[in-house]
$ cat target-v1.cif   # mmCIF, C-alpha atoms
data_work
loop_
_atom_site.label_atom_id
_atom_site.label_comp_id
_atom_site.auth_asym_id
_atom_site.auth_seq_id
_atom_site.Cartn_x
_atom_site.Cartn_y
_atom_site.Cartn_z
CA MET J 1 -49.44 274.20 21.02
CA GLN J 2 -46.64 275.80 23.00
CA GLY J 3 -46.75 275.21 26.72
CA THR J 4 -49.14 272.28 26.40
CA GLU J 5 -47.42 269.15 27.65
CA GLU J 6 -50.38 266.78 27.72
CA PRO J 7 -50.47 264.54 24.67
CA THR J 8 -53.68 264.79 22.67
CA SER J 9 -54.33 261.07 23.01
CA GLN J 10 -54.84 261.41 26.77
CA ALA J 11 -56.97 264.54 26.62
CA ALA J 12 -60.74 264.24 26.87
CA ALA J 13 -61.32 266.17 23.66
CA TYR J 14 -59.76 266.65 20.23
CA THR J 15 -58.20 270.03 19.61
CA PRO J 16 -60.24 271.99 17.04
CA THR J 17 -58.44 273.05 13.86
CA ASP J 18 -59.35 275.27 10.92
CA ARG J 19 -60.74 272.20 9.18
CA THR J 20 -62.82 270.94 12.09
CA VAL J 21 -64.50 274.19 13.12
CA PRO J 22 -67.61 274.50 10.91
CA THR J 23 -68.27 277.76 9.11
CA ARG J 24 -71.88 277.61 10.25
CA SER J 25 -74.01 275.92 12.94
CA ALA J 26 -70.88 275.89 15.09
CA GLU J 27 -73.06 275.13 18.11
CA ARG J 28 -73.63 271.67 16.63
CA ALA J 29 -69.92 270.81 16.65
CA ALA J 30 -68.39 268.67 19.40
CA TYR J 31 -64.88 267.40 20.11
CA ASP J 32 -65.44 265.11 23.09
CA LYS J 33 -63.56 261.86 22.55
CA GLU J 34 -66.11 259.60 24.23
CA LEU J 35 -68.87 261.02 22.06
CA VAL J 36 -66.77 260.64 18.91
CA HIS J 37 -65.90 257.03 19.79
CA ALA J 38 -69.57 256.18 20.45
CA ILE J 39 -70.66 257.60 17.08
CA LEU J 40 -67.88 255.73 15.27
CA ASP J 41 -68.50 252.44 17.05
CA GLU J 42 -72.23 252.46 16.30
CA ALA J 43 -71.65 252.70 12.53
CA TYR J 44 -71.17 249.68 10.27
CA VAL J 45 -69.66 251.60 7.38
CA CYS J 46 -67.69 254.78 7.01
CA HIS J 47 -67.35 256.89 3.86
CA LEU J 48 -63.68 257.17 2.96
CA GLY J 49 -62.70 260.11 0.76
CA PHE J 50 -59.42 260.49 -1.10
CA VAL J 51 -58.14 262.27 -4.19
CA ARG J 52 -57.38 260.39 -7.40
CA ASP J 53 -56.13 262.22 -10.51
CA GLY J 54 -57.16 265.48 -8.87
CA ALA J 55 -60.77 264.43 -8.35
CA PRO J 56 -62.49 263.33 -5.13
CA VAL J 57 -63.54 259.71 -4.60
CA VAL J 58 -65.86 258.64 -1.77
CA LEU J 59 -66.27 254.92 -1.10
CA PRO J 60 -68.23 253.14 1.63
CA THR J 61 -66.13 250.67 3.58
CA LEU J 62 -66.00 248.65 6.79
CA PHE J 63 -63.69 249.89 9.52
CA GLY J 64 -62.54 249.13 13.04
CA ARG J 65 -61.24 251.19 15.96
CA VAL J 66 -58.46 250.44 18.42
CA GLY J 67 -58.20 253.31 20.89
CA GLU J 68 -57.27 256.40 18.90
CA THR J 69 -56.62 254.58 15.63
CA LEU J 70 -59.05 253.58 12.89
CA TYR J 71 -58.33 250.70 10.53
CA VAL J 72 -59.76 250.18 7.07
CA HIS J 73 -59.09 247.02 5.12
CA GLY J 74 -59.56 245.84 1.60
CA SER J 75 -58.12 243.66 -1.10
CA THR J 76 -54.49 244.40 -1.89
CA GLY J 77 -55.87 245.01 -5.40
CA SER J 78 -58.30 247.76 -4.38
CA ARG J 79 -57.59 251.28 -5.52
CA PRO J 80 -57.28 253.37 -2.32
CA LEU J 81 -55.22 250.70 -0.58
CA ARG J 82 -52.90 250.35 -3.56
CA MET J 83 -52.45 254.13 -3.48
CA THR J 84 -51.27 254.21 0.15
CA GLY J 85 -48.85 251.38 -0.51
CA ARG J 86 -47.32 253.27 -3.39
CA THR J 87 -47.20 256.62 -1.67
CA ASP J 88 -44.38 256.96 0.84
CA PRO J 89 -45.81 259.90 2.80
CA GLY J 90 -49.22 258.23 3.05
CA LEU J 91 -52.56 259.13 1.52
CA PRO J 92 -54.55 262.21 2.63
CA VAL J 93 -58.04 261.00 3.49
CA CYS J 94 -61.26 262.19 5.05
CA LEU J 95 -63.28 259.50 6.83
CA THR J 96 -66.89 260.30 7.69
CA VAL J 97 -69.59 258.43 9.61
CA THR J 98 -73.23 259.54 9.86
CA HIS J 99 -76.31 258.31 11.72
CA VAL J 100 -79.75 259.64 10.81
CA ASP J 101 -81.91 259.61 13.93
CA ALA J 102 -85.12 261.43 13.01
CA LEU J 103 -86.90 263.42 10.32
CA ILE J 104 -87.77 267.01 11.25
CA LEU J 105 -90.94 268.20 9.52
CA ALA J 106 -91.38 271.93 9.92
CA ARG J 107 -94.29 274.15 8.90
CA SER J 108 -91.91 275.95 6.53
CA ALA J 109 -90.05 274.11 3.76
CA PHE J 110 -86.91 276.02 4.81
CA HIS J 111 -86.77 274.49 8.29
CA HIS J 112 -87.14 270.86 7.26
CA SER J 113 -84.17 268.93 8.56
CA ILE J 114 -83.00 265.71 10.12
CA ASN J 115 -81.59 264.85 13.50
CA TYR J 116 -78.20 263.28 12.93
CA ARG J 117 -74.87 262.47 14.53
CA SER J 118 -71.76 262.54 12.38
CA VAL J 119 -68.00 262.32 12.80
CA VAL J 120 -65.46 263.66 10.31
CA VAL J 121 -61.82 262.58 10.56
CA HIS J 122 -59.13 264.37 8.55
CA GLY J 123 -55.70 262.87 8.27
CA THR J 124 -53.19 260.74 6.44
CA ALA J 125 -53.67 257.00 6.01
CA TYR J 126 -50.66 254.71 6.16
CA ASP J 127 -50.21 251.13 5.05
CA VAL J 128 -50.00 248.72 8.02
CA THR J 129 -46.97 246.50 7.46
CA ASP J 130 -46.31 245.12 10.96
CA PRO J 131 -47.91 241.62 11.08
CA GLU J 132 -48.91 242.00 14.73
CA GLU J 133 -50.66 245.33 14.11
CA LYS J 134 -52.33 243.85 11.04
CA ARG J 135 -53.80 240.99 13.10
CA THR J 136 -54.98 243.43 15.78
CA ALA J 137 -56.61 245.57 13.07
CA LEU J 138 -58.39 242.62 11.47
CA ASP J 139 -59.73 241.51 14.87
CA ALA J 140 -60.98 245.05 15.43
CA LEU J 141 -62.71 245.04 12.04
CA VAL J 142 -64.56 241.80 12.87
CA ASP J 143 -65.39 242.96 16.41
CA HIS J 144 -66.72 246.21 14.96
CA VAL J 145 -69.44 244.18 13.17
CA VAL J 146 -70.33 242.22 16.33
CA ALA J 147 -68.47 242.78 19.61
CA GLY J 148 -66.54 239.68 20.64
CA ARG J 149 -66.96 237.95 17.30
CA SER J 150 -63.23 237.71 16.48
CA ARG J 151 -62.82 235.14 19.29
CA ASP J 152 -65.60 233.02 17.75
CA SER J 153 -64.29 232.69 14.19
CA ARG J 154 -61.33 231.18 12.41
CA PRO J 155 -58.49 233.77 12.34
CA ALA J 156 -57.05 234.78 9.00
CA ASN J 157 -54.41 232.39 7.65
CA LYS J 158 -51.18 233.41 5.89
CA LYS J 159 -52.77 233.47 2.45
CA GLU J 160 -55.69 235.61 3.64
CA LEU J 161 -53.38 237.99 5.50
CA ALA J 162 -51.30 238.43 2.36
CA ALA J 163 -54.42 239.17 0.30
CA THR J 164 -55.63 241.81 2.77
CA ALA J 165 -54.32 245.35 2.83
CA VAL J 166 -54.91 247.40 5.97
CA ILE J 167 -54.49 251.13 6.37
CA ARG J 168 -54.39 253.09 9.61
CA LEU J 169 -55.71 256.56 10.33
CA ASP J 170 -55.01 258.16 13.69
CA LEU J 171 -57.72 260.18 15.41
CA ASN J 172 -56.12 263.61 15.74
CA GLU J 173 -58.07 266.06 13.61
CA VAL J 174 -61.60 264.99 14.46
CA SER J 175 -64.98 266.58 15.04
CA ALA J 176 -68.51 265.41 15.68
CA LYS J 177 -71.58 267.29 14.55
CA LEU J 178 -75.06 266.72 15.90
CA ARG J 179 -78.59 267.97 15.52
CA THR J 180 -81.02 266.95 18.24
CA GLY J 181 -84.37 268.21 19.45
CA GLY J 182 -87.50 269.30 17.70
CA VAL J 183 -88.82 271.72 15.09
CA ASN J 184 -87.35 275.23 14.81
CA ASP J 185 -90.01 277.15 12.88
CA GLU J 186 -90.19 280.94 12.73
CA PRO J 187 -92.54 282.42 15.38
CA GLU J 188 -94.79 283.88 12.68
CA ASP J 189 -95.29 280.39 11.18
CA LEU J 190 -96.55 278.69 14.33
CA ALA J 191 -100.20 279.43 13.55
CA LEU J 192 -100.02 277.78 10.12
CA ALA J 193 -102.24 274.70 9.76
CA HIS J 194 -99.40 272.44 8.56
CA TRP J 195 -98.54 269.56 10.87
CA ALA J 196 -95.01 269.79 12.29
CA GLY J 197 -93.05 267.41 14.41
CA VAL J 198 -90.41 264.73 14.69
CA VAL J 199 -90.51 261.30 13.04
CA PRO J 200 -87.94 259.08 14.82
CA LEU J 201 -86.22 256.38 12.77
CA ARG J 202 -86.41 252.97 14.40
CA LYS J 203 -83.30 250.82 14.30
CA GLY J 204 -82.91 247.20 15.24
CA TYR J 205 -82.30 243.70 14.01
CA ASP J 206 -84.44 240.89 12.70
CA ALA J 207 -83.89 237.35 13.90
CA PRO J 208 -80.56 235.82 12.75
CA ILE J 209 -80.85 233.46 9.76
CA SER J 210 -78.56 230.46 10.19
CA ASP J 211 -76.42 229.34 7.26
CA PRO J 212 -77.97 226.13 5.83
CA ASP J 213 -74.64 224.28 6.11
CA LEU J 214 -74.00 224.80 9.83
CA ALA J 215 -72.09 222.02 11.57
CA PRO J 216 -74.59 219.84 13.50
CA GLY J 217 -75.39 221.19 16.95
CA THR J 218 -74.19 224.75 16.26
CA GLU J 219 -76.49 227.19 18.06
CA VAL J 220 -77.08 230.92 17.55
CA PRO J 221 -74.50 232.48 19.90
CA GLY J 222 -75.61 234.40 22.97
CA TYR J 223 -73.76 237.58 22.00
CA LEU J 224 -76.19 238.10 19.11
CA ALA J 225 -78.93 238.57 21.70
CA ASP J 226 -77.05 241.66 22.93
CA LEU J 227 -77.33 243.44 19.58
CA MET B 1 -69.79 256.86 -28.26
CA GLN B 2 -69.74 257.08 -32.03
CA GLY B 3 -72.82 255.80 -33.78
CA THR B 4 -74.91 255.95 -30.63
CA GLU B 5 -77.70 258.45 -31.15
CA GLU B 6 -79.75 257.72 -28.04
CA PRO B 7 -79.08 260.29 -25.32
CA THR B 8 -77.83 258.82 -22.05
CA SER B 9 -80.74 260.26 -20.14
CA GLN B 10 -83.20 258.06 -22.01
CA ALA B 11 -81.14 254.87 -21.85
CA ALA B 12 -82.01 252.27 -19.23
CA ALA B 13 -78.47 252.18 -17.87
CA TYR B 14 -75.51 254.46 -17.24
CA THR B 15 -72.47 253.88 -19.45
CA PRO B 16 -69.59 252.45 -17.41
CA THR B 17 -66.37 254.47 -17.33
CA ASP B 18 -62.87 253.85 -15.99
CA ARG B 19 -63.97 255.39 -12.71
CA THR B 20 -67.19 253.39 -12.34
CA VAL B 21 -65.87 249.91 -13.13
CA PRO B 22 -64.51 248.53 -9.84
CA THR B 23 -61.05 246.98 -9.77
CA ARG B 24 -62.46 244.04 -7.81
CA SER B 25 -65.82 242.37 -7.10
CA ALA B 26 -66.91 243.64 -10.51
CA GLU B 27 -69.89 241.25 -10.36
CA ARG B 28 -71.33 243.49 -7.62
CA ALA B 29 -71.44 246.57 -9.87
CA ALA B 30 -74.66 247.65 -11.57
CA TYR B 31 -75.58 250.52 -13.88
CA ASP B 32 -79.35 250.15 -14.19
CA LYS B 33 -81.00 253.56 -13.80
CA GLU B 34 -84.10 252.35 -11.98
CA LEU B 35 -81.94 250.54 -9.43
CA VAL B 36 -79.70 253.59 -8.97
CA HIS B 37 -82.72 255.87 -8.51
CA ALA B 38 -84.26 253.52 -5.93
CA ILE B 39 -81.06 253.39 -3.88
CA LEU B 40 -80.71 257.18 -4.01
CA ASP B 41 -84.35 257.87 -3.16
CA GLU B 42 -84.32 255.57 -0.12
CA ALA B 43 -81.42 257.48 1.48
CA TYR B 44 -81.87 260.50 3.73
CA VAL B 45 -78.28 261.72 3.47
CA CYS B 46 -75.54 261.43 0.91
CA HIS B 47 -71.82 261.83 1.54
CA LEU B 48 -70.46 264.61 -0.64
CA GLY B 49 -66.74 264.58 -1.35
CA PHE B 50 -64.72 267.44 -2.77
CA VAL B 51 -61.13 268.65 -2.70
CA ARG B 52 -60.07 271.63 -0.61
CA ASP B 53 -56.45 272.81 -0.53
CA GLY B 54 -55.46 269.52 -2.13
CA ALA B 55 -57.06 267.37 0.57
CA PRO B 56 -60.31 265.40 0.43
CA VAL B 57 -63.36 266.52 2.43
CA VAL B 58 -66.42 264.30 2.93
CA LEU B 59 -69.55 265.86 4.44
CA PRO B 60 -72.98 264.32 5.06
CA THR B 61 -75.79 266.36 3.55
CA LEU B 62 -79.43 266.21 2.50
CA PHE B 63 -80.17 265.93 -1.20
CA GLY B 64 -83.01 265.65 -3.66
CA ARG B 65 -83.47 264.11 -7.11
CA VAL B 66 -85.33 265.43 -10.14
CA GLY B 67 -85.04 262.89 -12.95
CA GLU B 68 -81.36 262.63 -13.82
CA THR B 69 -80.23 265.54 -11.63
CA LEU B 70 -79.33 265.60 -7.95
CA TYR B 71 -79.59 268.77 -5.89
CA VAL B 72 -77.72 269.55 -2.70
CA HIS B 73 -78.45 272.68 -0.70
CA GLY B 74 -76.84 274.55 2.12
CA SER B 75 -76.25 277.95 3.56
CA THR B 76 -74.68 280.40 1.16
CA GLY B 77 -71.98 280.60 3.85
CA SER B 78 -71.11 276.90 3.81
CA ARG B 79 -67.76 275.88 2.41
CA PRO B 80 -68.53 273.52 -0.52
CA LEU B 81 -71.31 275.74 -1.79
CA ARG B 82 -69.16 278.83 -1.57
CA MET B 83 -66.53 277.00 -3.58
CA THR B 84 -68.87 276.18 -6.48
CA GLY B 85 -70.05 279.76 -6.59
CA ARG B 86 -66.49 280.99 -6.85
CA THR B 87 -65.37 278.42 -9.37
CA ASP B 88 -66.55 279.10 -12.89
CA PRO B 89 -66.02 275.60 -14.28
CA GLY B 90 -67.83 274.05 -11.32
CA LEU B 91 -66.58 271.87 -8.49
CA PRO B 92 -65.48 268.24 -9.04
CA VAL B 93 -67.40 266.12 -6.55
CA CYS B 94 -68.12 262.52 -5.69
CA LEU B 95 -71.52 261.88 -4.12
CA THR B 96 -72.06 258.54 -2.39
CA VAL B 97 -75.08 256.90 -0.79
CA THR B 98 -74.98 253.62 1.15
CA HIS B 99 -77.56 251.37 2.80
CA VAL B 100 -76.48 248.61 5.18
CA ASP B 101 -78.99 245.76 4.93
CA ALA B 102 -77.51 242.89 6.92
CA LEU B 103 -74.46 241.66 8.82
CA ILE B 104 -72.74 238.58 7.36
CA LEU B 105 -71.11 236.44 10.05
CA ALA B 106 -68.87 233.81 8.52
CA ARG B 107 -66.99 230.96 10.18
CA SER B 108 -63.75 232.63 9.06
CA ALA B 109 -62.83 236.16 10.11
CA PHE B 110 -61.81 236.81 6.49
CA HIS B 111 -65.31 236.27 5.08
CA HIS B 112 -67.15 238.55 7.49
CA SER B 113 -69.01 241.18 5.51
CA ILE B 114 -72.20 243.16 5.21
CA ASN B 115 -74.99 243.18 2.69
CA TYR B 116 -75.22 246.68 1.29
CA ARG B 117 -76.46 248.78 -1.60
CA SER B 118 -74.47 251.84 -2.59
CA VAL B 119 -74.40 254.40 -5.38
CA VAL B 120 -71.37 256.48 -6.34
CA VAL B 121 -71.81 259.53 -8.58
CA HIS B 122 -68.77 261.26 -10.11
CA GLY B 123 -69.16 264.63 -11.71
CA THR B 124 -69.01 268.38 -11.52
CA ALA B 125 -71.37 270.37 -9.32
CA TYR B 126 -72.67 273.72 -10.53
CA ASP B 127 -74.32 276.54 -8.69
CA VAL B 128 -78.06 276.80 -9.45
CA THR B 129 -78.80 280.42 -10.31
CA ASP B 130 -82.13 280.15 -12.15
CA PRO B 131 -84.87 280.99 -9.59
CA GLU B 132 -87.31 278.50 -11.12
CA GLU B 133 -84.80 275.66 -10.98
CA LYS B 134 -83.91 276.65 -7.42
CA ARG B 135 -87.55 276.35 -6.32
CA THR B 136 -87.88 272.98 -8.06
CA ALA B 137 -84.72 271.82 -6.33
CA LEU B 138 -85.89 272.93 -2.89
CA ASP B 139 -89.24 271.17 -3.39
CA ALA B 140 -87.33 268.03 -4.36
CA LEU B 141 -85.20 268.29 -1.21
CA VAL B 142 -88.30 268.50 1.00
CA ASP B 143 -90.09 265.72 -0.91
CA HIS B 144 -86.98 263.57 -0.55
CA VAL B 145 -87.51 263.61 3.23
CA VAL B 146 -91.22 262.75 2.91
CA ALA B 147 -92.89 262.28 -0.49
CA GLY B 148 -95.52 264.97 -1.10
CA ARG B 149 -94.43 267.11 1.84
CA SER B 150 -93.51 270.19 -0.21
CA ARG B 151 -97.22 270.73 -0.99
CA ASP B 152 -98.00 270.68 2.75
CA SER B 153 -95.56 273.31 3.98
CA ARG B 154 -94.93 277.02 3.55
CA PRO B 155 -92.70 277.57 0.49
CA ALA B 156 -89.43 279.43 0.93
CA ASN B 157 -89.78 283.20 0.87
CA LYS B 158 -87.38 285.62 -0.83
CA LYS B 159 -85.14 285.97 2.21
CA GLU B 160 -84.90 282.20 2.65
CA LEU B 161 -84.23 281.66 -1.05
CA ALA B 162 -81.42 284.21 -0.91
CA ALA B 163 -79.90 282.50 2.11
CA THR B 164 -79.95 279.08 0.44
CA ALA B 165 -77.34 277.95 -2.05
CA VAL B 166 -78.21 275.00 -4.28
CA ILE B 167 -75.83 272.99 -6.42
CA ARG B 168 -76.74 270.54 -9.16
CA LEU B 169 -74.99 267.34 -10.14
CA ASP B 170 -76.15 265.45 -13.23
CA LEU B 171 -76.35 261.67 -13.17
CA ASN B 172 -73.95 260.68 -15.94
CA GLU B 173 -71.00 258.84 -14.45
CA VAL B 174 -72.82 256.62 -11.98
CA SER B 175 -72.60 253.11 -10.61
CA ALA B 176 -74.35 251.05 -8.00
CA LYS B 177 -72.65 248.32 -6.01
CA LEU B 178 -74.47 245.63 -4.06
CA ARG B 179 -73.82 242.63 -1.92
CA THR B 180 -76.77 240.34 -1.31
CA GLY B 181 -77.20 236.74 -0.17
CA GLY B 182 -75.63 234.67 2.54
CA VAL B 183 -72.29 233.51 3.88
CA ASN B 184 -69.45 232.63 1.48
CA ASP B 185 -67.12 230.51 3.61
CA GLU B 186 -64.40 228.28 2.19
CA PRO B 187 -65.56 224.66 1.69
CA GLU B 188 -62.94 223.40 4.17
CA ASP B 189 -64.38 225.71 6.89
CA LEU B 190 -67.97 224.45 6.74
CA ALA B 191 -67.41 221.81 9.41
CA LEU B 192 -66.10 224.35 11.95
CA ALA B 193 -68.30 224.72 15.02
CA HIS B 194 -68.65 228.54 14.69
CA TRP B 195 -72.17 229.78 14.03
CA ALA B 196 -72.52 231.49 10.66
CA GLY B 197 -75.40 233.32 9.12
CA VAL B 198 -77.11 236.57 8.26
CA VAL B 199 -78.35 239.19 10.75
CA PRO B 200 -80.80 241.47 8.89
CA LEU B 201 -81.00 245.10 10.00
CA ARG B 202 -84.54 246.20 10.71
CA LYS B 203 -85.56 249.65 9.50
CA GLY B 204 -88.68 251.58 10.25
CA TYR B 205 -90.19 254.55 12.02
CA ASP B 206 -91.50 255.20 15.48
CA ALA B 207 -94.75 257.12 15.94
CA PRO B 208 -94.56 260.80 14.90
CA ILE B 209 -94.13 263.24 17.80
CA SER B 210 -96.23 266.37 17.24
CA ASP B 211 -94.66 269.77 17.87
CA PRO B 212 -96.11 271.14 21.14
CA ASP B 213 -97.14 274.39 19.44
CA LEU B 214 -99.31 272.94 16.65
CA ALA B 215 -102.22 275.11 15.54
CA PRO B 216 -105.41 273.78 17.15
CA GLY B 217 -107.03 270.95 15.18
CA THR B 218 -103.90 270.05 13.19
CA GLU B 219 -103.76 266.27 12.75
CA VAL B 220 -100.87 263.96 11.84
CA PRO B 221 -101.09 263.85 8.02
CA GLY B 222 -102.06 260.64 6.26
CA TYR B 223 -98.92 260.53 4.11
CA LEU B 224 -96.85 259.80 7.22
CA ALA B 225 -98.72 256.51 7.50
CA ASP B 226 -97.18 255.51 4.14
CA LEU B 227 -93.61 255.76 5.44
#
$ encode --input "target-v1.cif" --output "structure tokens"
Amino acid sequence: MQGTEEPTSQAAAYTPTDRTVPTRSAERAAYDKELVHAILDEAYVCHLGFVRDGAPVVLPTLFGRVGETLYVHGSTGSRPLRMTGRTDPGLPVCLTVTHVDALILARSAFHHSINYRSVVVHGTAYDVTDPEEKRTALDALVDHVVAGRSRDSRPANKKELAATAVIRLDLNEVSAKLRTGGVNDEPEDLALAHWAGVVPLRKGYDAPISDPDLAPGTEVPGYLADL
Amino acid sequence: MQGTEEPTSQAAAYTPTDRTVPTRSAERAAYDKELVHAILDEAYVCHLGFVRDGAPVVLPTLFGRVGETLYVHGSTGSRPLRMTGRTDPGLPVCLTVTHVDALILARSAFHHSINYRSVVVHGTAYDVTDPEEKRTALDALVDHVVAGRSRDSRPANKKELAATAVIRLDLNEVSAKLRTGGVNDEPEDLALAHWAGVVPLRKGYDAPISDPDLAPGTEVPGYLADL
């Protein structure tokens, strides 16, 4: 934008674009970076979309975040990662993360819904070739599963690094979309005898199950208690 | 396939295609229809991918299933649904559903993973124009949120039906992919002092929260106890 000197990465919000302004329910859209980061960091998988032979492909995959960059990894033999490596200008992707928070049961079928928080990232994914960035990305991927875990595991060796492809996607064209709150029935439906309300989804963890071959004396680490 | 008289819809499994056989971890792929249906039915949202102006778009959306057909709905003003309506031969889509069941913490960073169940559907989405099919689809969408709910809510009226676009996607080119079980560390890593194991994700529901404007005497329905 002319006259704007501040780089996007230091702004508090992503700049909306044609692709990130929804055609409807625009009041549910948000561009705040902290909110976007929180939604991304809470998710274990993203859904990565790309185009192959003219048709869309959407695959679930693990990811990690370092500041304003997302990293996705996979086998060097996997399809999307092979495509970025072969494509000089990078691979156009759309990376989406969604949390379902509650079911919304309305009196009318039409107003049934869910409360959700989602983030959609548009951009171009590039192969990570710098060994240092690749290590940083792989640490971020492990720490995305459990914060701090990369320091409590054996780092990838040369063979594993060579077998792992990593792609990067910068957070530039990004939006969040949220529905919160309760039922939005039509005023004339309020007297109907159907129950209406919110059913919250409960999320949590069951007790960790230790691998049967643990080295003697290995205890469940304290950071799992923070989950 | 020549010589095969049995229609796909009555077979117990989807026929693998080039797009549904993974390039790696092929042992995780499955084509059993009952398994695919169960994974789909347990999910509240799918991630719908399509191509717009040559770039991929992945949006989370509610869906419903009637036998071997999935239905997605939205405002007649929403982008993907407008696109199918405008495109005579339909819109190529990829519809993906994923459940994360457990975190897999290995001794090596490389073998960190998650247990998951996913379904990927490739195909062409078509606008539903038949009013009867549209009603069936909308019932399926409501019943997908809570089984049996469509019978306990006010059906869509003419205005609501006109405002709702529905697209259909037949289950033909479909695969499931699953990871189950425990940690797969390298034999030489087993003696390392890092804890390794499985952290199961707990899923459930909190108590329903009644809408403050319920008609007097309206009770929480029994079918919510079955969730």
$ closest_residue --input "target-v1.cif" --among "B:Ala156, B:Ala196, B:Leu91, B:Val128" --to "J:Pro212" --atoms "only C-alpha atoms"
B:Ala196
$ atom_distance --input "target-v1.cif" --atom1 "atom CA of B:Glu133" --atom2 "atom CA of J:Ala102"
27.9 Å
$ closest_residue --input "target-v1.cif" --among "B:Pro56, B:Gly90, B:Pro16, B:Pro22" --to "chain J" --atoms "all atoms listed in the file"
B:Pro56
$ residues_around --input "target-v1.cif" --residues "B:Arg151" --least-positions-apart "3" --cutoff "10 Å" --atoms "all atoms listed in the file" --output "list in words"
Ala109 and His194 of chain J; Asp139, Val142, Asp143, Ala147, Gly148, Arg154 and Pro155 of chain B
$ write_last_selection --input "target-v1.cif" --atoms "C-alpha atoms" --output "mmCIF file, in the frame of the given file"
data_model
loop_
_atom_site.group_PDB
_atom_site.id
_atom_site.type_symbol
_atom_site.label_atom_id
_atom_site.label_comp_id
_atom_site.auth_asym_id
_atom_site.auth_seq_id
_atom_site.Cartn_x
_atom_site.Cartn_y
_atom_site.Cartn_z
ATOM 1 C CA ALA J 109 -90.050 274.110 3.760
ATOM 2 C CA HIS J 194 -99.400 272.440 8.560
ATOM 3 C CA ASP B 139 -89.240 271.170 -3.390
ATOM 4 C CA VAL B 142 -88.300 268.500 1.000
ATOM 5 C CA ASP B 143 -90.090 265.720 -0.910
ATOM 6 C CA ALA B 147 -92.890 262.280 -0.490
ATOM 7 C CA GLY B 148 -95.520 264.970 -1.100
ATOM 8 C CA ARG B 154 -94.930 277.020 3.550
ATOM 9 C CA PRO B 155 -92.700 277.570 0.490
#
$ closest_residue --input "target-v1.cif" --among "B:Leu95, B:Ala12, B:Ile114, B:Val66" --to "B:Arg135" --atoms "only C-alpha atoms"
B:Val66
$ residues_around --input "target-v1.cif" --residues "B:His37" --least-positions-apart "2" --cutoff "12 Å" --atoms "all atoms listed in the file" --output "PyMOL selection string"
chain B and resi 12-14+30-35+39-43+64-70+97+117-121+144+171+174-176
$ residues_around --input "target-v1.cif" --residues "stretch 161-170 of chain B" --least-positions-apart "3" --cutoff "8 Å" --atoms "all atoms listed in the file" --output "ChimeraX atom specification"
/B:68-76,81,84,123-128,134,137,156-158
$ write_last_selection --input "target-v1.cif" --atoms "C-alpha atoms" --output "mmCIF file, in the coordinates of the input"
data_model
loop_
_atom_site.group_PDB
_atom_site.id
_atom_site.type_symbol
_atom_site.label_atom_id
_atom_site.label_comp_id
_atom_site.auth_asym_id
_atom_site.auth_seq_id
_atom_site.Cartn_x
_atom_site.Cartn_y
_atom_site.Cartn_z
ATOM 1 C CA GLU B 68 -81.360 262.630 -13.820
ATOM 2 C CA THR B 69 -80.230 265.540 -11.630
ATOM 3 C CA LEU B 70 -79.330 265.600 -7.950
ATOM 4 C CA TYR B 71 -79.590 268.770 -5.890
ATOM 5 C CA VAL B 72 -77.720 269.550 -2.700
ATOM 6 C CA HIS B 73 -78.450 272.680 -0.700
ATOM 7 C CA GLY B 74 -76.840 274.550 2.120
ATOM 8 C CA SER B 75 -76.250 277.950 3.560
ATOM 9 C CA THR B 76 -74.680 280.400 1.160
ATOM 10 C CA LEU B 81 -71.310 275.740 -1.790
ATOM 11 C CA THR B 84 -68.870 276.180 -6.480
ATOM 12 C CA GLY B 123 -69.160 264.630 -11.710
ATOM 13 C CA THR B 124 -69.010 268.380 -11.520
ATOM 14 C CA ALA B 125 -71.370 270.370 -9.320
ATOM 15 C CA TYR B 126 -72.670 273.720 -10.530
ATOM 16 C CA ASP B 127 -74.320 276.540 -8.690
ATOM 17 C CA VAL B 128 -78.060 276.800 -9.450
ATOM 18 C CA LYS B 134 -83.910 276.650 -7.420
ATOM 19 C CA ALA B 137 -84.720 271.820 -6.330
ATOM 20 C CA ALA B 156 -89.430 279.430 0.930
ATOM 21 C CA ASN B 157 -89.780 283.200 0.870
ATOM 22 C CA LYS B 158 -87.380 285.620 -0.830
#
$ resolve_selection --input "target-v1.cif" --expression "the PyMOL selection byres ((chain B and resi 190) around 12)" --output "ChimeraX atom specification"
/J:153-154,211-216,218 /B:106-108,183-189,191-197
$ write_last_selection --input "target-v1.cif" --atoms "C-alpha atoms" --output "compact mmCIF listing (two decimals), keeping the file's coordinate frame"
# COMPACT_ATOMS: atom_id res chain seq x y z
CA SER J 153 -64.29 232.69 14.19
CA ARG J 154 -61.33 231.18 12.41
CA ASP J 211 -76.42 229.34 7.26
CA PRO J 212 -77.97 226.13 5.83
CA ASP J 213 -74.64 224.28 6.11
CA LEU J 214 -74.00 224.80 9.83
CA ALA J 215 -72.09 222.02 11.57
CA PRO J 216 -74.59 219.84 13.50
CA THR J 218 -74.19 224.75 16.26
CA ALA B 106 -68.87 233.81 8.52
CA ARG B 107 -66.99 230.96 10.18
CA SER B 108 -63.75 232.63 9.06
CA VAL B 183 -72.29 233.51 3.88
CA ASN B 184 -69.45 232.63 1.48
CA ASP B 185 -67.12 230.51 3.61
CA GLU B 186 -64.40 228.28 2.19
CA PRO B 187 -65.56 224.66 1.69
CA GLU B 188 -62.94 223.40 4.17
CA ASP B 189 -64.38 225.71 6.89
CA ALA B 191 -67.41 221.81 9.41
CA LEU B 192 -66.10 224.35 11.95
CA ALA B 193 -68.30 224.72 15.02
CA HIS B 194 -68.65 228.54 14.69
CA TRP B 195 -72.17 229.78 14.03
CA ALA B 196 -72.52 231.49 10.66
CA GLY B 197 -75.40 233.32 9.12
